[in-house]
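**Student:** Sending over start-v8.cif (mmCIF, C-alpha atoms and all ligand atoms).
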```
data_query
loop_
_atom_site.label_atom_id
_atom_site.label_comp_id
_atom_site.auth_asym_id
_atom_site.auth_seq_id
_atom_site.Cartn_x
_atom_site.Cartn_y
_atom_site.Cartn_z
CA MET A 398 116.39 10.04 -16.44
CA LYS A 399 116.61 10.75 -12.71
CA ASN A 400 113.38 11.24 -10.79
CA VAL A 401 113.12 13.46 -7.71
CA ASP A 402 110.42 15.04 -5.60
CA TYR A 403 112.09 18.46 -5.54
CA ILE A 404 114.72 20.67 -7.09
CA ILE A 405 115.93 23.58 -4.96
CA VAL A 406 117.76 26.48 -6.61
CA GLY A 407 119.97 28.37 -4.15
CA ASP A 408 122.11 27.63 -1.12
CA GLY A 409 121.30 30.35 1.45
CA TYR A 410 119.04 30.18 4.51
CA ALA A 411 115.86 29.81 2.43
CA ALA A 412 117.25 26.90 0.44
CA LEU A 413 118.97 25.07 3.30
CA PHE A 414 116.09 25.32 5.76
CA PHE A 415 113.78 23.99 3.06
CA ALA A 416 116.31 21.22 2.28
CA HIS A 417 116.23 20.28 5.96
CA GLN A 418 112.47 19.69 5.73
CA LEU A 419 113.12 17.35 2.81
CA ILE A 420 115.89 15.47 4.63
CA LYS A 421 113.71 15.13 7.71
CA ASN A 422 110.80 13.79 5.67
CA LYS A 423 112.96 11.56 3.48
CA LYS A 424 112.10 13.26 0.21
CA SER A 425 114.34 12.94 -2.83
CA PHE A 426 115.87 16.18 -4.11
CA TYR A 427 118.74 18.03 -5.72
CA LEU A 428 119.94 21.43 -4.59
CA PHE A 429 121.77 23.72 -7.03
CA SER A 430 124.54 25.88 -5.62
CA GLU A 431 126.53 28.20 -7.86
CA GLY A 432 129.07 28.66 -5.05
CA LYS A 433 128.88 32.44 -4.98
CA ARG A 434 128.31 32.60 -1.21
CA SER A 435 126.03 35.62 -0.96
CA ALA A 436 123.93 37.24 1.82
CA SER A 437 123.50 34.26 4.14
CA PHE A 438 127.23 33.50 4.24
CA VAL A 439 128.12 37.03 5.34
CA SER A 440 125.28 37.34 7.83
CA ALA A 441 126.05 37.84 11.50
CA GLY A 442 123.92 34.89 12.56
CA ILE A 443 121.99 36.91 15.10
CA ILE A 444 118.72 35.47 16.31
CA ASN A 445 116.81 38.38 17.71
CA PRO A 446 113.15 38.39 18.76
CA ALA A 447 113.15 42.15 19.57
CA VAL A 448 113.23 45.31 17.46
CA LEU A 449 116.12 47.22 18.98
CA LYS A 450 115.26 50.66 17.66
CA ARG A 451 111.77 50.88 19.10
CA PHE A 452 111.99 48.20 21.81
CA THR A 453 109.12 46.23 20.39
CA THR A 454 108.88 42.63 19.30
CA PHE A 455 109.54 40.98 15.95
CA TRP A 456 106.62 39.47 14.04
CA LEU A 457 105.67 35.99 15.39
CA ALA A 458 108.82 36.13 17.49
CA GLN A 459 108.05 33.42 20.03
CA GLU A 460 106.72 31.00 17.42
CA GLN A 461 109.76 31.61 15.22
CA ILE A 462 112.25 31.13 18.07
CA ASN A 463 110.56 27.92 19.17
CA ALA A 464 110.51 26.54 15.64
CA LEU A 465 114.17 27.41 15.10
CA LYS A 466 115.27 25.60 18.24
CA ILE A 467 113.44 22.46 17.11
CA THR A 468 114.97 22.63 13.63
CA LEU A 469 118.51 23.12 14.94
CA SER A 470 118.14 20.12 17.24
CA GLU A 471 116.88 18.06 14.29
CA ILE A 472 119.85 19.11 12.15
CA GLU A 473 122.21 18.24 14.99
CA VAL A 474 121.04 14.62 14.73
CA TYR A 475 122.67 14.19 11.31
CA THR A 476 125.54 16.71 11.38
CA HIS A 477 126.42 15.99 15.03
CA LYS A 478 126.95 19.64 15.82
CA ASN A 479 125.07 22.26 17.81
CA TYR A 480 125.01 25.57 15.91
CA LEU A 481 123.14 27.59 18.51
CA ILE A 482 125.42 29.89 20.52
CA GLU A 483 123.31 30.83 23.52
CA LYS A 484 124.88 34.22 24.17
CA PRO A 485 122.30 37.00 24.37
CA ILE A 486 122.28 40.47 22.84
CA LEU A 487 123.08 43.42 25.07
CA ARG A 488 121.67 46.68 23.75
CA VAL A 489 123.82 49.64 24.84
CA PHE A 490 121.63 52.57 25.94
CA HIS A 491 122.41 55.95 24.41
CA ASP A 492 121.01 57.89 27.40
CA GLU A 493 118.81 57.64 30.51
CA LYS A 494 115.66 58.32 28.50
CA GLU A 495 116.18 55.20 26.41
CA LYS A 496 116.74 53.15 29.52
CA GLU A 497 113.45 54.38 30.99
CA LEU A 498 111.63 53.55 27.76
CA TRP A 499 113.09 50.02 27.79
CA LEU A 500 111.97 49.55 31.38
CA LYS A 501 108.46 50.70 30.55
CA LYS A 502 108.25 48.45 27.49
CA SER A 503 109.61 45.48 29.44
CA ASN A 504 106.28 45.35 31.30
CA GLU A 505 104.58 44.18 28.10
CA ILE A 506 107.43 42.59 26.17
CA SER A 507 108.97 39.58 27.84
CA PHE A 508 112.00 39.65 25.53
CA LEU A 509 113.22 42.85 27.22
CA SER A 510 114.89 41.91 30.49
CA LYS A 511 114.47 44.21 33.47
CA ASP A 512 118.05 43.50 34.56
CA PHE A 513 120.64 45.95 33.29
CA LEU A 514 124.28 45.10 32.80
CA ARG A 515 127.56 46.93 32.38
CA VAL A 516 130.23 45.55 30.06
CA ASN A 517 133.97 46.07 30.40
CA SER A 518 136.13 47.27 27.50
CA VAL A 519 133.43 49.23 25.62
CA LYS A 520 131.79 52.55 26.40
CA ASN A 521 128.41 51.97 28.03
CA PRO A 522 127.90 54.72 30.64
CA PHE A 523 124.12 54.16 30.69
CA GLU A 524 124.43 50.36 30.91
CA CYS A 525 122.86 47.79 28.58
CA GLY A 526 119.52 45.98 28.32
CA LEU A 527 119.58 42.22 27.80
CA VAL A 528 117.33 40.62 25.16
CA ASN A 529 115.86 37.42 26.57
CA GLN A 530 115.94 34.39 24.25
CA SER A 531 118.30 36.07 21.78
CA ALA A 532 121.23 34.00 20.54
CA ARG A 533 123.60 33.52 17.59
CA LEU A 534 123.96 30.90 14.92
CA ASN A 535 127.42 29.57 14.18
CA VAL A 536 127.07 30.65 10.54
CA ARG A 537 130.36 29.30 9.21
CA ASP A 538 129.92 25.78 10.59
CA PHE A 539 126.20 25.68 9.76
CA PHE A 540 126.86 26.25 6.06
CA THR A 541 130.04 24.18 5.86
CA ASP A 542 128.45 21.17 7.52
CA LEU A 543 125.12 21.30 5.72
CA ILE A 544 126.70 21.74 2.31
CA ASN A 545 129.05 18.80 3.08
CA TYR A 546 126.11 16.72 4.22
CA LEU A 547 124.24 17.47 0.98
CA GLU A 548 127.31 16.59 -1.08
CA GLN A 549 127.97 13.34 0.75
CA ASN A 550 124.35 12.28 0.37
CA ASP A 551 124.19 13.05 -3.33
CA HIS A 552 121.81 16.00 -3.05
CA LEU A 553 124.21 18.74 -4.17
CA ILE A 554 124.77 19.92 -7.72
CA LYS A 555 127.54 22.47 -7.76
CA GLU A 556 126.55 24.55 -10.73
CA LYS A 557 124.56 27.62 -11.65
CA PHE A 558 121.02 26.59 -12.50
CA ASN A 559 120.35 27.45 -16.15
CA TYR A 560 116.74 28.58 -16.54
CA ASN A 561 116.83 27.98 -20.31
CA MET A 562 117.25 24.26 -19.76
CA ILE A 563 113.87 23.66 -18.08
CA ASN A 564 111.22 21.86 -20.03
CA THR A 565 108.36 23.71 -18.37
CA GLU A 566 105.56 21.51 -19.69
CA LYS A 567 107.19 18.22 -18.66
CA SER A 568 108.90 19.42 -15.43
CA ILE A 569 112.30 18.23 -16.57
CA TYR A 570 115.63 19.98 -16.03
CA LYS A 571 118.37 18.43 -18.17
CA ASP A 572 118.08 14.74 -17.14
CA ILE A 573 116.12 15.37 -13.92
CA GLN A 574 112.38 14.90 -13.71
CA PHE A 575 110.96 16.78 -10.71
CA LYS A 576 107.57 17.10 -9.05
CA SER A 577 108.13 20.65 -7.74
CA ILE A 578 110.88 23.22 -8.00
CA ILE A 579 111.68 25.78 -5.31
CA PHE A 580 113.49 28.93 -6.37
CA ALA A 581 115.35 30.36 -3.37
CA GLU A 582 117.99 32.54 -5.00
CA GLY A 583 117.86 35.66 -2.81
CA MET A 584 118.58 38.68 -5.03
CA GLY A 585 119.61 36.22 -7.78
CA VAL A 586 115.86 35.95 -8.45
CA LYS A 587 116.19 38.97 -10.72
CA ASP A 588 117.70 36.59 -13.35
CA ASN A 589 114.86 34.11 -12.96
CA PRO A 590 112.46 34.45 -15.92
CA PHE A 591 109.58 32.96 -13.92
CA PHE A 592 109.80 35.23 -10.87
CA SER A 593 112.01 38.20 -11.79
CA ASP A 594 109.05 40.55 -11.22
CA ILE A 595 108.49 39.76 -7.52
CA PRO A 596 108.95 42.98 -5.50
CA VAL A 597 112.21 42.21 -3.68
CA ASN A 598 114.80 44.96 -3.41
CA PRO A 599 118.46 44.69 -2.51
CA ASN A 600 119.64 46.18 0.75
CA LYS A 601 123.41 46.05 0.78
CA GLY A 602 125.13 45.21 4.05
CA HIS A 603 128.83 45.37 4.91
CA HIS A 604 130.56 43.97 7.95
CA LEU A 605 134.11 44.08 9.22
CA GLU A 606 136.26 41.44 10.78
CA VAL A 607 138.48 43.25 13.26
CA ARG A 608 141.29 42.35 15.62
CA LEU A 609 140.92 44.20 18.91
CA SER A 610 143.99 45.18 20.92
CA GLU A 611 142.09 44.52 24.18
CA LYS A 612 139.65 41.64 24.34
CA ILE A 613 136.03 42.35 25.28
CA GLU A 614 135.61 40.28 28.43
CA GLU A 615 132.17 38.81 27.85
CA ASP A 616 131.24 36.97 24.66
CA PHE A 617 127.76 38.48 24.45
CA THR A 618 126.57 40.11 21.25
CA ILE A 619 126.82 43.82 22.00
CA LYS A 620 124.76 46.28 19.99
CA LYS A 621 125.21 50.00 19.83
CA LYS A 622 125.06 51.36 16.28
CA HIS A 623 126.05 47.90 15.03
CA PHE A 624 126.62 44.45 16.47
CA ILE A 625 129.95 43.20 17.79
CA PHE A 626 130.71 39.65 18.93
CA PRO A 627 133.73 37.34 18.99
CA LEU A 628 134.69 35.04 16.13
CA ILE A 629 137.91 33.06 16.51
CA ASP A 630 141.51 33.98 17.51
CA ASN A 631 140.66 37.31 19.10
CA THR A 632 138.85 38.50 15.98
CA TYR A 633 135.40 40.06 16.10
CA TYR A 634 132.47 40.54 13.76
CA TYR A 635 131.34 44.17 13.51
CA GLY A 636 128.35 45.16 11.37
CA GLY A 637 126.28 45.39 9.39
CA THR A 638 125.34 48.47 7.46
CA TYR A 639 122.13 49.05 5.49
CA ASP A 640 122.20 50.69 2.09
CA ARG A 641 119.43 50.62 -0.50
CA ASP A 642 121.20 52.77 -3.09
CA GLN A 643 124.63 51.18 -3.61
CA ILE A 644 123.99 48.02 -5.54
CA HIS A 645 127.29 47.45 -7.35
CA HIS A 646 129.26 44.29 -6.50
CA LYS A 647 132.22 46.01 -4.88
CA ILE A 648 133.14 47.15 -1.37
CA ASP A 649 131.89 50.68 -0.65
CA ASP A 650 134.54 52.77 1.08
CA SER A 651 131.81 54.89 2.66
CA ALA A 652 130.31 51.84 4.41
CA VAL A 653 133.74 50.82 5.71
CA GLU A 654 134.31 54.35 6.99
CA LYS A 655 130.92 54.38 8.68
CA LEU A 656 131.73 51.13 10.47
CA THR A 657 135.27 52.08 11.52
CA ASN A 658 134.05 55.47 12.83
CA ALA A 659 131.22 53.87 14.79
CA LEU A 660 133.57 51.29 16.28
CA SER A 661 136.11 53.98 17.27
CA GLU A 662 133.38 55.88 19.13
CA PHE A 663 132.35 52.84 21.07
CA TYR A 664 135.55 50.84 21.58
CA PRO A 665 138.23 52.94 23.30
CA ASN A 666 141.30 50.90 22.26
CA ASP A 667 143.10 50.24 18.97
CA PHE A 668 141.82 47.76 16.42
CA ASP A 669 142.79 46.50 12.96
CA VAL A 670 140.36 45.78 10.17
CA ILE A 671 141.38 42.41 8.77
CA ASN A 672 138.52 41.75 6.38
CA VAL A 673 135.48 43.46 4.83
CA LYS A 674 132.54 41.50 3.47
CA PHE A 675 129.21 42.48 1.97
CA GLY A 676 125.98 40.94 0.73
CA PHE A 677 122.53 41.93 -0.46
CA ARG A 678 119.52 41.31 1.78
CA PRO A 679 116.42 40.49 -0.27
CA THR A 680 113.94 42.95 1.25
CA VAL A 681 110.24 43.60 0.68
CA LYS A 682 108.41 46.85 1.38
CA ASP A 683 105.96 45.30 3.82
CA ARG A 684 108.81 43.41 5.59
CA ARG A 685 107.28 40.02 4.94
CA PRO A 686 108.81 37.12 2.98
CA ILE A 687 107.34 36.06 -0.35
CA ILE A 688 106.11 32.52 -0.99
CA GLY A 689 103.93 31.36 -3.82
CA ASN A 690 103.67 29.56 -7.10
CA HIS A 691 103.79 30.64 -10.71
CA SER A 692 100.48 31.54 -12.32
CA ARG A 693 101.04 29.14 -15.22
CA TYR A 694 103.53 26.53 -13.92
CA LYS A 695 101.80 25.57 -10.70
CA ASN A 696 104.64 23.41 -9.39
CA PHE A 697 107.17 26.28 -9.68
CA TYR A 698 107.52 28.02 -6.31
CA VAL A 699 109.42 31.06 -5.11
CA PHE A 700 110.74 31.38 -1.53
CA ASN A 701 112.32 34.80 -1.05
CA GLY A 702 112.21 38.18 0.70
CA LEU A 703 113.71 37.07 4.02
CA GLY A 704 114.98 40.61 4.65
CA ALA A 705 117.16 41.23 7.69
CA ARG A 706 115.83 38.14 9.52
CA GLY A 707 117.04 35.35 7.28
CA ILE A 708 117.43 32.78 10.02
CA LEU A 709 114.08 33.13 11.80
CA ASN A 710 112.01 33.83 8.68
CA GLY A 711 113.92 31.25 6.64
CA ASN A 712 113.29 28.41 9.03
CA TYR A 713 109.72 29.28 9.97
CA PHE A 714 108.50 29.71 6.43
CA ALA A 715 110.42 26.72 5.07
CA ILE A 716 108.17 24.68 7.35
CA ASN A 717 105.06 26.53 6.15
CA LEU A 718 106.06 26.01 2.49
CA TYR A 719 106.81 22.32 3.03
CA GLN A 720 103.48 21.77 4.80
CA HIS A 721 101.69 23.62 2.04
CA LEU A 722 103.25 21.41 -0.62
CA GLU A 723 102.80 18.12 1.17
CA THR A 724 99.60 18.53 3.18
CA GLY A 725 97.84 21.49 1.58
CA GLU A 726 98.34 23.79 4.59
CA GLU A 727 97.60 27.39 3.71
CA ILE A 728 100.56 29.65 2.98
CA HIS A 729 100.48 32.33 5.68
CA PRO A 730 98.42 35.13 4.07
CA GLU A 731 100.95 37.81 5.03
CA VAL A 732 103.74 36.08 3.08
CA ASN A 733 101.66 34.79 0.19
CA LEU A 734 102.81 36.03 -3.22
CA LYS A 735 99.12 36.56 -4.01
CA ARG A 736 99.09 39.72 -1.87
CA PHE A 737 100.75 41.52 -4.79
CA GLN A 738 98.39 40.26 -7.47
C1 LIG A 801 125.78 42.09 6.43
C2 LIG A 801 124.54 41.25 6.68
C3 LIG A 801 124.28 40.80 7.97
C4 LIG A 801 123.13 40.04 8.22
N1 LIG A 801 122.92 39.55 9.48
C5 LIG A 801 121.86 38.77 9.74
C6 LIG A 801 121.67 38.22 11.04
O1 LIG A 801 122.47 38.43 11.93
N2 LIG A 801 120.58 37.44 11.26
C7 LIG A 801 119.68 37.16 10.27
O2 LIG A 801 118.70 36.42 10.52
N3 LIG A 801 119.83 37.65 9.00
C8 LIG A 801 120.90 38.45 8.72
N4 LIG A 801 121.07 38.97 7.46
C9 LIG A 801 120.01 38.76 6.46
C10 LIG A 801 120.16 37.40 5.80
O3 LIG A 801 121.50 37.24 5.42
C11 LIG A 801 119.24 37.29 4.57
O4 LIG A 801 117.90 37.42 4.97
C12 LIG A 801 119.39 35.91 3.95
O5 LIG A 801 120.73 35.69 3.66
C13 LIG A 801 118.57 35.71 2.70
O6 LIG A 801 118.71 34.35 2.39
P1 LIG A 801 118.33 33.74 0.99
O7 LIG A 801 118.56 32.27 1.08
O8 LIG A 801 116.98 34.20 0.58
O9 LIG A 801 119.35 34.44 -0.05
P2 LIG A 801 120.94 34.34 -0.21
O10 LIG A 801 121.61 34.19 1.09
O11 LIG A 801 121.35 35.46 -1.07
O12 LIG A 801 121.16 32.96 -0.94
C14 LIG A 801 120.78 32.74 -2.27
C15 LIG A 801 121.82 31.84 -2.89
O13 LIG A 801 121.33 31.34 -4.15
C16 LIG A 801 122.40 31.25 -5.04
N5 LIG A 801 121.87 31.31 -6.42
C17 LIG A 801 121.23 32.35 -7.00
N6 LIG A 801 120.92 32.05 -8.28
C18 LIG A 801 121.37 30.79 -8.49
C19 LIG A 801 121.34 29.92 -9.62
N7 LIG A 801 120.79 30.28 -10.80
N8 LIG A 801 121.90 28.69 -9.51
C20 LIG A 801 122.46 28.28 -8.34
N9 LIG A 801 122.51 29.08 -7.23
C21 LIG A 801 121.97 30.31 -7.31
C22 LIG A 801 123.28 32.45 -4.70
O14 LIG A 801 124.62 32.21 -5.09
C23 LIG A 801 123.13 32.56 -3.20
O15 LIG A 801 124.20 31.95 -2.51
C24 LIG A 801 122.22 39.73 7.15
C25 LIG A 801 122.51 40.17 5.87
C26 LIG A 801 123.65 40.93 5.61
C27 LIG A 801 123.93 41.36 4.21
#
```
What is this structure when it is put down as structure tokens?
Ligand SMILES: Cc1cc2nc3c(=O)[nH]c(=O)nc-3n(C[C@H](O)[C@H](O)[C@H](O)COP(=O)(O)OP(=O)(O)OC[C@H]3O[C@@H](n4cnc5c(N)ncnc54)[C@H](O)[C@@H]3O)c2cc1C

**Tutor:**
Amino acid sequence: MKNVDYIIVGDGYAALFFAHQLIKNKKSFYLFSEGKRSASFVSAGIINPAVLKRFTTFWLAQEQINALKITLSEIEVYTHKNYLIEKPILRVFHDEKEKELWLKKSNEISFLSKDFLRVNSVKNPFECGLVNQSARLNVRDFFTDLINYLEQNDHLIKEKFNYNMINTEKSIYKDIQFKSIIFAEGMGVKDNPFFSDIPVNPNKGHHLEVRLSEKIEEDFTIKKKHFIFPLIDNTYYYGGTYDRDQIHHKIDDSAVEKLTNALSEFYPNDFDVINVKFGFRPTVKDRRPIIGNHSRYKNFYVFNGLGARGILNGNYFAINLYQHLETGEEIHPEVNLKRFQ
């Protein structure tokens, strides 16, 4: 029998940021990855402290940004790579009125810069507002390197976790005895008999990978209807859409059309769509993550509901969950599963 402190089920932002806490604190654990590569792997990687529709600020934005920077520098120590791309978001203004509103809001919200910019190669007649402290995560390398690190250090089990194989009374899964188990399966939680009833809902998002005929000069993240930023070899990420109704596991032509139309309106030159990807954001009505334990199996925890902010929420609340488990720190009341009971 193997003995570990933790089992983690899942391999997205929730699972990997929690795994980092365990690595940092030298805890023993196994992480189960079914290799499906869902929402986190298709995410844009945008780290955004502002709400770009209303020009307000994201919940606990400064605390979350600060915590993320610390975590990424800690991860860099063992993967030897920096995943933070410090290129800010530029929000393209639709008209003068929006620009005035931004300027007014920038008096209270430090994330909204008072300096306006104009970008070449895209239509931005009313200029763009820059979001201070926004950045991007190098999503592909982050997941590749962390999964490799877990594999090399004997933490990774590449298989679908089978819920029927848990001995709930003895806290044993197959030949693994664990102290606590963290379920971080994103929308996969619907197959989890212990937590299938938590109120997370899928919000399907598509993005395109496009090749532009004319390069966009600056490598900022530019946002009009959707985000665009450079990947590699003159390809760009463009997305993502939001759709609560289409939940089948196939590409929706309507989402692709929406994206190509929006890009044509905004980018005046030719482009080719070279790839389409989609995933399901685990969203919660009150826009807060969900963390808590099972009413009967007290060492069974769920970590879910990261919504559209998987990176910031994932890291910040992985720390809160870890501290709760190891030092008894209170789970933030706004994310506590108990709010639904
Ligand atoms: C198009 C799009 C763009 C986005 N862009 C951004 C962005 O720019 N910035 C941002 O912060 N957020 C973004 N998000 C949101 C972010 O992706 C989600 O909040 C985040 O991915 C949720 O992470 P998670 O770990 O909870 O779930 P997931 O990423 O879905 O990961 C769960 C994983 O668990 C695995 N799993 C499930 N069941 C089992 C099992 N039984 N055994 C083993 N493994 C299992 C699944 O295969 C899956 O890989 C975007 C989302 C989409 C769809």

**Student:** Val439 (chain A): which residues within 10 Å, counting all atoms listed in the file, same-chain residues fewer than 4 positions away excluded, as number ranges by chain?

**Tutor:** A: 434-435, 536-537, 602-604, 637, 673-677

**Student:** For ligand LIG 801 (chain A), which residue out of A:Lys612, A:Arg641, A:Lys433, A:His729 is the nearest one, using all atoms listed in the file?

**Tutor:**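 Using all atoms listed in the file, ligand LIG 801 (chain A) sits closest to A:Lys433.
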
**Student:** My list of candidates is A:Val448, A:Glu606, A:Asn589, A:Ile467. Which is closest to Gln418 (chain A) when distances are computed with only C-alpha atoms?

**Tutor:**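 Nearest candidate to Gln418 (chain A) out of A:Val448, A:Glu606, A:Asn589, A:Ile467: A:Ile467.
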
**Student:** How far is it from CA of Ile728 (chain A) to CA of Asn550 (chain A), in Å with one decimal?

**Tutor:**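 For CA of Ile728 (chain A) relative to CA of Asn550 (chain A), the distance reads 29.6 Å.
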
**Student:** Which residues come within 7 Å of region 483-493 of chain A, counting all atoms listed in the file, excluding same-chain residues fewer than 6 positions away, as a list in words?

**Tutor:**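 Non-adjacent residues within range: Asn521, Phe523, Glu524, Cys525, Gly526, Leu527, Val528, Asn529, Gln530, Ser531, Ala532, Arg533, Asp616, Phe617, Thr618, Ile619, Lys620 and Lys621 of chain A.
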
**Student:** Listing only residues of chain A within 6 Å of ligand LIG 801 (chain A), what is the closest atom pair and its distance in Å (to one decimal) for each, using only C-alpha atoms and all ligand atoms, sorted by chain and residue number ascending, as a Markdown table?

**Tutor:**
```
| residue | atom | partner | partner_atom | distance |
| --- | --- | --- | --- | --- |
| A:Val406 | CA | A:LIG801 | C20 | 5.3 |
| A:Gly407 | CA | A:LIG801 | O13 | 3.3 |
| A:Asp408 | CA | A:LIG801 | C15 | 4.6 |
| A:Gly409 | CA | A:LIG801 | O7 | 3.4 |
| A:Tyr410 | CA | A:LIG801 | O7 | 4.0 |
| A:Ala411 | CA | A:LIG801 | O7 | 3.9 |
| A:Ala412 | CA | A:LIG801 | O7 | 5.6 |
| A:Phe429 | CA | A:LIG801 | C20 | 4.8 |
| A:Ser430 | CA | A:LIG801 | N9 | 4.1 |
| A:Glu431 | CA | A:LIG801 | C20 | 4.1 |
| A:Gly432 | CA | A:LIG801 | O14 | 5.7 |
| A:Lys433 | CA | A:LIG801 | O14 | 4.3 |
| A:Arg434 | CA | A:LIG801 | O15 | 4.4 |
| A:Ser435 | CA | A:LIG801 | O15 | 4.4 |
| A:Ala436 | CA | A:LIG801 | O10 | 3.9 |
| A:Ser437 | CA | A:LIG801 | O5 | 3.2 |
| A:Val439 | CA | A:LIG801 | C1 | 5.7 |
| A:Ser440 | CA | A:LIG801 | C4 | 3.5 |
| A:Ala441 | CA | A:LIG801 | O1 | 3.7 |
| A:Gly442 | CA | A:LIG801 | O1 | 3.9 |
| A:Ile443 | CA | A:LIG801 | O1 | 3.5 |
| A:Ile444 | CA | A:LIG801 | N2 | 5.7 |
| A:Lys557 | CA | A:LIG801 | N8 | 3.6 |
| A:Phe558 | CA | A:LIG801 | N8 | 3.8 |
| A:Ala581 | CA | A:LIG801 | O8 | 5.7 |
| A:Glu582 | CA | A:LIG801 | O13 | 3.6 |
| A:Gly583 | CA | A:LIG801 | O9 | 3.4 |
| A:Met584 | CA | A:LIG801 | O11 | 5.8 |
| A:Gly585 | CA | A:LIG801 | C17 | 4.3 |
| A:Lys601 | CA | A:LIG801 | C27 | 5.8 |
| A:Gly602 | CA | A:LIG801 | C1 | 4.0 |
| A:His603 | CA | A:LIG801 | C1 | 4.7 |
| A:His604 | CA | A:LIG801 | C1 | 5.4 |
| A:Gly637 | CA | A:LIG801 | C1 | 4.5 |
| A:Phe675 | CA | A:LIG801 | C1 | 5.6 |
| A:Gly676 | CA | A:LIG801 | C27 | 4.1 |
| A:Phe677 | CA | A:LIG801 | C27 | 4.9 |
| A:Arg678 | CA | A:LIG801 | C11 | 4.9 |
| A:Asn701 | CA | A:LIG801 | O8 | 5.0 |
| A:Leu703 | CA | A:LIG801 | O4 | 4.3 |
| A:Gly704 | CA | A:LIG801 | O4 | 4.3 |
| A:Ala705 | CA | A:LIG801 | C9 | 4.0 |
| A:Arg706 | CA | A:LIG801 | O2 | 3.5 |
| A:Gly707 | CA | A:LIG801 | O4 | 3.2 |
| A:Ile708 | CA | A:LIG801 | O2 | 3.9 |
| A:Leu709 | CA | A:LIG801 | O2 | 5.8 |
```

**Student:** Which residue is closest to Leu722 (chain A)? Choose from A:Ile578, A:Val586, A:Leu413, A:Leu734 and count only C-alpha atoms.

**Tutor:** A:Ile578

**Student:** Pick out the closest residue to Asp650 (chain A) from this set: A:Met398, A:Ala715, A:Leu605, A:Leu457. Count all atoms listed in the file.

**Tutor:**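 Under the stated criterion, the closest residue is A:Leu605.
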
**Student:** Please work out which residues fall within 12 Å of (109.6, 17.5, -17.4), coordinates as given in the file, with all atoms listed in the file counting, and return them as a ChimeraX atom specification.

**Tutor:** /A:398-401,404,562-578,694,696-697

**Student:** Could you turn the residues from that selection into a file that holds C-alpha atoms, as a PDB file, keeping the file's coordinate frame?

**Tutor:**
```pdb
ATOM      1  CA  MET A 398     116.390  10.040 -16.440  1.00  0.00           C
ATOM      2  CA  LYS A 399     116.610  10.750 -12.710  1.00  0.00           C
ATOM      3  CA  ASN A 400     113.380  11.240 -10.790  1.00  0.00           C
ATOM      4  CA  VAL A 401     113.120  13.460  -7.710  1.00  0.00           C
ATOM      5  CA  ILE A 404     114.720  20.670  -7.090  1.00  0.00           C
ATOM      6  CA  MET A 562     117.250  24.260 -19.760  1.00  0.00           C
ATOM      7  CA  ILE A 563     113.870  23.660 -18.080  1.00  0.00           C
ATOM      8  CA  ASN A 564     111.220  21.860 -20.030  1.00  0.00           C
ATOM      9  CA  THR A 565     108.360  23.710 -18.370  1.00  0.00           C
ATOM     10  CA  GLU A 566     105.560  21.510 -19.690  1.00  0.00           C
ATOM     11  CA  LYS A 567     107.190  18.220 -18.660  1.00  0.00           C
ATOM     12  CA  SER A 568     108.900  19.420 -15.430  1.00  0.00           C
ATOM     13  CA  ILE A 569     112.300  18.230 -16.570  1.00  0.00           C
ATOM     14  CA  TYR A 570     115.630  19.980 -16.030  1.00  0.00           C
ATOM     15  CA  LYS A 571     118.370  18.430 -18.170  1.00  0.00           C
ATOM     16  CA  ASP A 572     118.080  14.740 -17.140  1.00  0.00           C
ATOM     17  CA  ILE A 573     116.120  15.370 -13.920  1.00  0.00           C
ATOM     18  CA  GLN A 574     112.380  14.900 -13.710  1.00  0.00           C
ATOM     19  CA  PHE A 575     110.960  16.780 -10.710  1.00  0.00           C
ATOM     20  CA  LYS A 576     107.570  17.100  -9.050  1.00  0.00           C
ATOM     21  CA  SER A 577     108.130  20.650  -7.740  1.00  0.00           C
ATOM     22  CA  ILE A 578     110.880  23.220  -8.000  1.00  0.00           C
ATOM     23  CA  TYR A 694     103.530  26.530 -13.920  1.00  0.00           C
ATOM     24  CA  ASN A 696     104.640  23.410  -9.390  1.00  0.00           C
ATOM     25  CA  PHE A 697     107.170  26.280  -9.680  1.00  0.00           C
TER      26      PHE A 697
END
```

**Student:** Taking all atoms listed in the file into account, name the residue in A:Asn710, A:Gln738, A:Asn535, A:Thr680 that is nearest to Phe626 (chain A).

**Tutor:**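 Of all the options, A:Asn535 lies closest to Phe626 (chain A).
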
**Student:** Ranking A:Arg693, A:Lys587, A:His552, A:Arg608 by minimum distance to Ile420 (chain A) and counting only C-alpha atoms, which one comes first?

**Tutor:** A:His552

**Student:** Calculate how many Å separate CA of Lys511 (chain A) from CA of Thr454 (chain A), rounding to one decimal.

**Tutor:**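 One can read the CA of Lys511 (chain A) to CA of Thr454 (chain A) distance as 15.3 Å.
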
**Student:** With a distance cut-off of 10 Å and all atoms listed in the file, select the neighbouring residues of Asn479 (chain A), excluding the residue or stretch itself and same-chain residues fewer than 5 positions from it, and output the selection as a PDB file with C-alpha atoms, keeping the file's coordinate frame.

**Tutor:**
```pdb
ATOM      1  CA  LEU A 469     118.510  23.120  14.940  1.00  0.00           C
ATOM      2  CA  SER A 470     118.140  20.120  17.240  1.00  0.00           C
ATOM      3  CA  GLU A 471     116.880  18.060  14.290  1.00  0.00           C
ATOM      4  CA  ILE A 472     119.850  19.110  12.150  1.00  0.00           C
ATOM      5  CA  GLU A 473     122.210  18.240  14.990  1.00  0.00           C
ATOM      6  CA  VAL A 474     121.040  14.620  14.730  1.00  0.00           C
ATOM      7  CA  LEU A 534     123.960  30.900  14.920  1.00  0.00           C
ATOM      8  CA  ASN A 535     127.420  29.570  14.180  1.00  0.00           C
ATOM      9  CA  ASP A 538     129.920  25.780  10.590  1.00  0.00           C
ATOM     10  CA  PHE A 539     126.200  25.680   9.760  1.00  0.00           C
TER      11      PHE A 539
END
```
